[in-house]
There are 2 protein chains.
Amino acid sequence: MTNHILSGIPSRERNRVLNHCESVELVFGSVLCKTDQPYSHAYFPLTGFISLVTLLDAHRPLEMGLIGSEGMLGVTLILGVRKAPIRAVVQGAGNALRITSTHLLRELHECPELQRSLNRYLYVLMAQLSQTAACIHFHEIQPRLARWLLMTHDRAQADHFHLTHEFLADMLGVRRSGITVAAGELQQKHLIRYTRGEITILDRAGLEAAACECYGAVTDCYSKLLG
Amino acid sequence: MTNHILSGIPSRERNRVLNHCESVELVFGSVLCKTDQPYSHAYFPLTGFISLVTLLDAHRPLEMGLIGSEGMLGVTLILGVRKAPIRAVVQGAGNALRITSTHLLRELHECPELQRSLNRYLYVLMAQLSQTAACIHFHEIQPRLARWLLMTHDRAQADHFHLTHEFLADMLGVRRSGITVAAGELQQKHLIRYTRGEITILDRAGLEAAACECYGAVTDCYSKLLG
DNA sequence: GACGGTCTGTACGGTAACGCACTCAATACA
DNA sequence: TGTATTGAGTGCGTTACCGTACAGACCGTC
């Protein structure tokens, strides 16, 4: 129930930040920021999680990254740019703490450890972006889907979450029916089970084997830099 | 013949940095840094330019971004992480100034404008990464090739540069013969001309029309934030 | 219990890539 | 001058997607 960025900094700094935070509910599907528009707040997810999504002309959306309790939405604020580089959408309902951009920027000066922590997190996010780009290009739907389910599983607190094929299609940037086929195959291998948007992870190790190596690569990067 | 990051900061700061810089030749094809390995130097390209390239298992390389005199290789050093997130390869021979990671980090504390400048540059690079990822996924080879030639044209000082189909294939992450076809079409439209690796831009406006909108989107982002 | 909405399964033809392989032309070198 | 190398053109069958469409299954609700 805690955010790892906040729990990893000294209590003096944490209290300063928490002083300016308010608790909010992350409602599934709500858009927290749009590309090129100013951030009103930065979000520290507690139980919910957030998708970073790129929109390109008439195409379906495409997910570039996922932010759960291990991170923060709005890291680029530390670069002094107030505009969001990527759209963010709530992908798992839950709650989060949020702080206004202004307060965050002000507290950054007083909180060197928070600064360090967010620096490293931004680095990881960048590394993830390039890995994901190559993954999207070279890897097939099924391994990508498996990877994506694992990332979601890591951030959801349960083996069970709500996700329709339609929604998954918009994350991987593919047709809905492409997901149906890939998910059907994963189900036949008894790795997952789903009915009408309710997905259950049955065999996590099996899913890891079915996923592309990008899953391991990205989580390694996380654990090395963020512990 | 100048680097825009350096020319955009006050002369006091510029001189401090230049004091620690040495001039180096960028040799075509040489690898300046590898993923996950420490940066020895940061590079400010003057006439040469550098490709950011992701390698994934047995697949061909895939280019994520291009750094010319408008930028710097090694921006992520400002995050306090010394490891390179992406491999960098010299794509256009020329020269550059370079500074050791240690000196750069030391000077950053003394040079607030350099800091600000690099912050903004890192932001642009991030925005570019996500745009490029979607571009690679959704757009076809020909528009991507056109975009890529334009980006190169912007950074090369001439209408004419050396690039084999093989090399281009490794930038776009596609087959060599896929490039042959796409480039052949561009040539038939009299937008470019090439023989044995020597490419000439004949009709820049036409190329811009043939490119996907990502070219415009990324250059807009550059000009807005870096002027 | 009938009805409309949502979600899933499946099928169809189409296509932009793929891997592979082979030829031909230009250059470099001995 | 002959030979090797490099780069470009081309074609072949294959494949993983695409867009579209439709039917069935489950759900809430009136």
# chains A, B, ... in the order shown; residues from 1 in each chain; ligands from 1
$ residues_around --residues "A:Ser130" --least-positions-apart "2" --cutoff "12 Å" --atoms "only C-alpha atoms (C1' of nucleotides)" --output "PyMOL selection string"
(chain A and resi 64-65+123-128+132-137+214+217-218) or (chain B and resi 35+52-56+61-65+85-87+125-134+136)
$ residues_around --residues "B:Ala182" --least-positions-apart "4" --cutoff "8 Å" --atoms "only C-alpha atoms (C1' of nucleotides)" --output "PyMOL selection string"
chain B and resi 141-142+145+178+186
$ interface_residues --of "chain D" --to "chain B" --cutoff "12 Å" --atoms "only C-alpha atoms (C1' of nucleotides)" --output "list in words"
DT6, DG7, DA8, DG9, DT10, DG11, DC17 and DC18 of chain D
$ write_last_selection --atoms "N, CA and C atoms (P, O5', C5', C4', C3', O3' and C1' of nucleotides)" --output "PDB file, in the first residue's frame"
ATOM      1  P    DT D   6      33.765  -7.005 -49.194  1.00  0.00           P
ATOM      2  O5'  DT D   6      32.870  -5.747 -49.575  1.00  0.00           O
ATOM      3  C5'  DT D   6      33.443  -4.651 -50.276  1.00  0.00           C
ATOM      4  C4'  DT D   6      32.375  -4.027 -51.142  1.00  0.00           C
ATOM      5  C3'  DT D   6      31.013  -3.913 -50.444  1.00  0.00           C
ATOM      6  O3'  DT D   6      30.671  -2.540 -50.375  1.00  0.00           O
ATOM      7  C1'  DT D   6      30.802  -4.718 -52.661  1.00  0.00           C
ATOM      8  P    DG D   7      29.407  -2.070 -49.554  1.00  0.00           P
ATOM      9  O5'  DG D   7      28.319  -1.912 -50.695  1.00  0.00           O
ATOM     10  C5'  DG D   7      28.508  -0.882 -51.669  1.00  0.00           C
ATOM     11  C4'  DG D   7      27.442  -1.035 -52.713  1.00  0.00           C
ATOM     12  C3'  DG D   7      26.017  -1.028 -52.155  1.00  0.00           C
ATOM     13  O3'  DG D   7      25.298   0.012 -52.797  1.00  0.00           O
ATOM     14  C1'  DG D   7      26.339  -2.844 -53.661  1.00  0.00           C
ATOM     15  P    DA D   8      23.772   0.229 -52.532  1.00  0.00           P
ATOM     16  O5'  DA D   8      23.142  -0.517 -53.783  1.00  0.00           O
ATOM     17  C5'  DA D   8      23.499  -0.062 -55.076  1.00  0.00           C
ATOM     18  C4'  DA D   8      22.664  -0.738 -56.128  1.00  0.00           C
ATOM     19  C3'  DA D   8      21.156  -0.669 -55.906  1.00  0.00           C
ATOM     20  O3'  DA D   8      20.584  -0.315 -57.152  1.00  0.00           O
ATOM     21  C1'  DA D   8      21.843  -2.932 -56.135  1.00  0.00           C
ATOM     22  P    DG D   9      19.013  -0.161 -57.282  1.00  0.00           P
ATOM     23  O5'  DG D   9      18.610  -1.551 -57.928  1.00  0.00           O
ATOM     24  C5'  DG D   9      18.789  -1.738 -59.319  1.00  0.00           C
ATOM     25  C4'  DG D   9      18.320  -3.117 -59.682  1.00  0.00           C
ATOM     26  C3'  DG D   9      16.814  -3.336 -59.511  1.00  0.00           C
ATOM     27  O3'  DG D   9      16.313  -3.718 -60.785  1.00  0.00           O
ATOM     28  C1'  DG D   9      18.036  -5.139 -58.574  1.00  0.00           C
ATOM     29  P    DT D  10      14.781  -3.844 -61.048  1.00  0.00           P
ATOM     30  O5'  DT D  10      14.501  -5.357 -60.663  1.00  0.00           O
ATOM     31  C5'  DT D  10      15.239  -6.389 -61.321  1.00  0.00           C
ATOM     32  C4'  DT D  10      14.854  -7.726 -60.730  1.00  0.00           C
ATOM     33  C3'  DT D  10      13.371  -7.860 -60.388  1.00  0.00           C
ATOM     34  O3'  DT D  10      12.799  -8.760 -61.318  1.00  0.00           O
ATOM     35  C1'  DT D  10      14.788  -8.863 -58.758  1.00  0.00           C
ATOM     36  P    DG D  11      11.204  -8.985 -61.369  1.00  0.00           P
ATOM     37  O5'  DG D  11      11.132 -10.493 -60.891  1.00  0.00           O
ATOM     38  C5'  DG D  11      12.181 -11.386 -61.202  1.00  0.00           C
ATOM     39  C4'  DG D  11      12.085 -12.587 -60.280  1.00  0.00           C
ATOM     40  C3'  DG D  11      10.650 -12.961 -59.918  1.00  0.00           C
ATOM     41  O3'  DG D  11      10.470 -14.351 -60.133  1.00  0.00           O
ATOM     42  C1'  DG D  11      11.960 -12.749 -57.953  1.00  0.00           C
ATOM     43  P    DC D  17       2.099 -11.324 -35.476  1.00  0.00           P
ATOM     44  O5'  DC D  17       1.507  -9.862 -35.677  1.00  0.00           O
ATOM     45  C5'  DC D  17       0.185  -9.730 -36.118  1.00  0.00           C
ATOM     46  C4'  DC D  17       0.171  -8.994 -37.437  1.00  0.00           C
ATOM     47  C3'  DC D  17      -1.138  -8.268 -37.693  1.00  0.00           C
ATOM     48  O3'  DC D  17      -1.095  -6.999 -37.070  1.00  0.00           O
ATOM     49  C1'  DC D  17      -0.413  -9.411 -39.650  1.00  0.00           C
ATOM     50  P    DC D  18      -2.462  -6.328 -36.621  1.00  0.00           P
ATOM     51  O5'  DC D  18      -3.136  -5.882 -38.004  1.00  0.00           O
ATOM     52  C5'  DC D  18      -2.493  -4.911 -38.804  1.00  0.00           C
ATOM     53  C4'  DC D  18      -3.241  -4.806 -40.123  1.00  0.00           C
ATOM     54  C3'  DC D  18      -4.711  -4.457 -39.945  1.00  0.00           C
ATOM     55  O3'  DC D  18      -4.892  -3.066 -40.123  1.00  0.00           O
ATOM     56  C1'  DC D  18      -4.420  -6.292 -41.471  1.00  0.00           C
TER      57       DC D  18
END
$ closest_atom_pairs --of "chain C" --to "chain B" --cutoff "10 Å" --atoms "only C-alpha atoms (C1' of nucleotides)" --output "CSV"
residue,atom,partner,partner_atom,distance
C:DA16,C1',B:Glu140,CA,8.1
C:DA17,C1',B:Gly178,CA,8.4
C:DC18,C1',B:Arg175,CA,7.9
C:DG19,C1',B:Arg175,CA,9.0
C:DA25,C1',B:Arg196,CA,9.8
C:DA26,C1',B:Arg196,CA,7.8
C:DT27,C1',B:Arg196,CA,9.2
$ closest_residue --among "A:Thr200, A:Ser117, A:Gln157, A:Thr152" --to "chain B" --atoms "only C-alpha atoms"
A:Ser117
$ atom_distance --atom1 "atom CA of A:Gly48" --atom2 "atom CA of B:Val81"
28.5 Å
$ select_by_dssp --residues "stretch 75-190 of chain A" --states "alpha helix (DSSP H)" --output "PyMOL selection string"
chain A and resi 101-110+112-138+141-155+165-172+176-188
$ select_by_dssp --residues "stretch 11-227 of chain A" --states "strand (DSSP E or B)" --output "ChimeraX atom specification"
/A:22-26,31-33,38,41-45,49-54,62-67,73,83,87-92,94-100,160-162,192-195,198-201
$ write_last_selection --atoms "C-alpha atoms" --output "mmCIF file, in the first residue's frame"
data_model
loop_
_atom_site.group_PDB
_atom_site.id
_atom_site.type_symbol
_atom_site.label_atom_id
_atom_site.label_comp_id
_atom_site.auth_asym_id
_atom_site.auth_seq_id
_atom_site.Cartn_x
_atom_site.Cartn_y
_atom_site.Cartn_z
ATOM 1 C CA GLU A 22 -3.745 14.565 -1.565
ATOM 2 C CA SER A 23 -5.210 11.111 -1.944
ATOM 3 C CA VAL A 24 -7.158 10.491 -5.146
ATOM 4 C CA GLU A 25 -8.951 7.628 -6.724
ATOM 5 C CA LEU A 26 -7.650 6.460 -10.082
ATOM 6 C CA VAL A 31 -6.926 10.431 -18.858
ATOM 7 C CA LEU A 32 -4.464 12.003 -16.422
ATOM 8 C CA CYS A 33 -2.504 14.007 -18.951
ATOM 9 C CA PRO A 38 0.796 20.950 -19.018
ATOM 10 C CA HIS A 41 -0.173 17.088 -10.904
ATOM 11 C CA ALA A 42 2.356 14.345 -10.519
ATOM 12 C CA TYR A 43 0.916 11.021 -9.327
ATOM 13 C CA PHE A 44 2.378 8.443 -6.969
ATOM 14 C CA PRO A 45 0.273 5.329 -7.540
ATOM 15 C CA PHE A 49 -1.572 1.844 -12.146
ATOM 16 C CA ILE A 50 -1.173 4.035 -15.176
ATOM 17 C CA SER A 51 -0.415 3.460 -18.847
ATOM 18 C CA LEU A 52 1.781 5.678 -20.992
ATOM 19 C CA VAL A 53 0.196 5.718 -24.409
ATOM 20 C CA THR A 54 1.200 7.187 -27.757
ATOM 21 C CA LEU A 62 0.064 2.059 -28.415
ATOM 22 C CA GLU A 63 1.364 1.595 -24.916
ATOM 23 C CA MET A 64 4.947 2.556 -24.191
ATOM 24 C CA GLY A 65 5.180 1.946 -20.470
ATOM 25 C CA LEU A 66 3.382 1.215 -17.252
ATOM 26 C CA ILE A 67 3.578 3.067 -13.957
ATOM 27 C CA LEU A 73 3.652 9.837 -13.318
ATOM 28 C CA LYS A 83 4.353 19.705 -20.540
ATOM 29 C CA ARG A 87 -0.551 10.710 -22.749
ATOM 30 C CA ALA A 88 -1.332 8.840 -19.537
ATOM 31 C CA VAL A 89 -4.416 6.726 -18.916
ATOM 32 C CA VAL A 90 -5.512 4.844 -15.815
ATOM 33 C CA GLN A 91 -5.250 1.180 -16.626
ATOM 34 C CA GLY A 92 -5.852 -0.333 -13.222
ATOM 35 C CA GLY A 94 -7.120 2.048 -7.410
ATOM 36 C CA ASN A 95 -5.772 4.994 -5.516
ATOM 37 C CA ALA A 96 -2.781 7.277 -5.627
ATOM 38 C CA LEU A 97 -1.267 10.295 -3.989
ATOM 39 C CA ARG A 98 -0.883 13.372 -6.070
ATOM 40 C CA ILE A 99 0.971 16.635 -5.722
ATOM 41 C CA THR A 100 0.723 19.743 -7.867
ATOM 42 C CA HIS A 160 -7.027 -11.544 -11.296
ATOM 43 C CA PHE A 161 -7.918 -8.329 -13.100
ATOM 44 C CA HIS A 162 -10.345 -6.815 -15.546
ATOM 45 C CA ILE A 192 -4.263 -17.803 -18.132
ATOM 46 C CA ARG A 193 -8.026 -18.031 -17.977
ATOM 47 C CA TYR A 194 -10.488 -15.371 -18.919
ATOM 48 C CA THR A 195 -14.161 -14.819 -19.377
ATOM 49 C CA GLU A 198 -11.921 -11.124 -16.317
ATOM 50 C CA ILE A 199 -8.384 -12.435 -16.673
ATOM 51 C CA THR A 200 -6.784 -14.794 -14.180
ATOM 52 C CA ILE A 201 -3.088 -15.628 -14.158
#
$ residues_around --residues "D:DG24" --least-positions-apart "5" --cutoff "12 Å" --atoms "only C-alpha atoms (C1' of nucleotides)" --output "JSON, numbers by chain"
{"C": [7, 8, 9, 10]}
$ write_last_selection --atoms "N, CA and C atoms (P, O5', C5', C4', C3', O3' and C1' of nucleotides)" --output "PDB file, in the first residue's frame"
ATOM      1  P    DC C   7     -17.293  -4.707 -22.696  1.00  0.00           P
ATOM      2  O5'  DC C   7     -16.797  -6.153 -23.168  1.00  0.00           O
ATOM      3  C5'  DC C   7     -17.043  -7.271 -22.320  1.00  0.00           C
ATOM      4  C4'  DC C   7     -16.916  -8.546 -23.119  1.00  0.00           C
ATOM      5  C3'  DC C   7     -15.595  -8.708 -23.867  1.00  0.00           C
ATOM      6  O3'  DC C   7     -14.873  -9.774 -23.256  1.00  0.00           O
ATOM      7  C1'  DC C   7     -17.464  -9.429 -25.151  1.00  0.00           C
ATOM      8  P    DT C   8     -13.501 -10.255 -23.848  1.00  0.00           P
ATOM      9  O5'  DT C   8     -13.992 -11.390 -24.839  1.00  0.00           O
ATOM     10  C5'  DT C   8     -14.590 -12.560 -24.302  1.00  0.00           C
ATOM     11  C4'  DT C   8     -14.944 -13.521 -25.425  1.00  0.00           C
ATOM     12  C3'  DT C   8     -13.755 -14.029 -26.233  1.00  0.00           C
ATOM     13  O3'  DT C   8     -13.763 -15.437 -26.146  1.00  0.00           O
ATOM     14  C1'  DT C   8     -15.509 -13.303 -27.662  1.00  0.00           C
ATOM     15  P    DG C   9     -12.561 -16.265 -26.724  1.00  0.00           P
ATOM     16  O5'  DG C   9     -13.158 -16.815 -28.102  1.00  0.00           O
ATOM     17  C5'  DG C   9     -14.206 -17.743 -28.072  1.00  0.00           C
ATOM     18  C4'  DG C   9     -14.643 -18.043 -29.491  1.00  0.00           C
ATOM     19  C3'  DG C   9     -13.510 -18.516 -30.407  1.00  0.00           C
ATOM     20  O3'  DG C   9     -13.915 -19.749 -30.978  1.00  0.00           O
ATOM     21  C1'  DG C   9     -14.726 -16.748 -31.432  1.00  0.00           C
ATOM     22  P    DT C  10     -12.921 -20.590 -31.857  1.00  0.00           P
ATOM     23  O5'  DT C  10     -13.208 -20.053 -33.322  1.00  0.00           O
ATOM     24  C5'  DT C  10     -14.549 -19.946 -33.767  1.00  0.00           C
ATOM     25  C4'  DT C  10     -14.584 -19.307 -35.139  1.00  0.00           C
ATOM     26  C3'  DT C  10     -13.383 -19.647 -36.032  1.00  0.00           C
ATOM     27  O3'  DT C  10     -13.886 -20.238 -37.203  1.00  0.00           O
ATOM     28  C1'  DT C  10     -13.915 -17.350 -36.125  1.00  0.00           C
TER      29       DT C  10
END
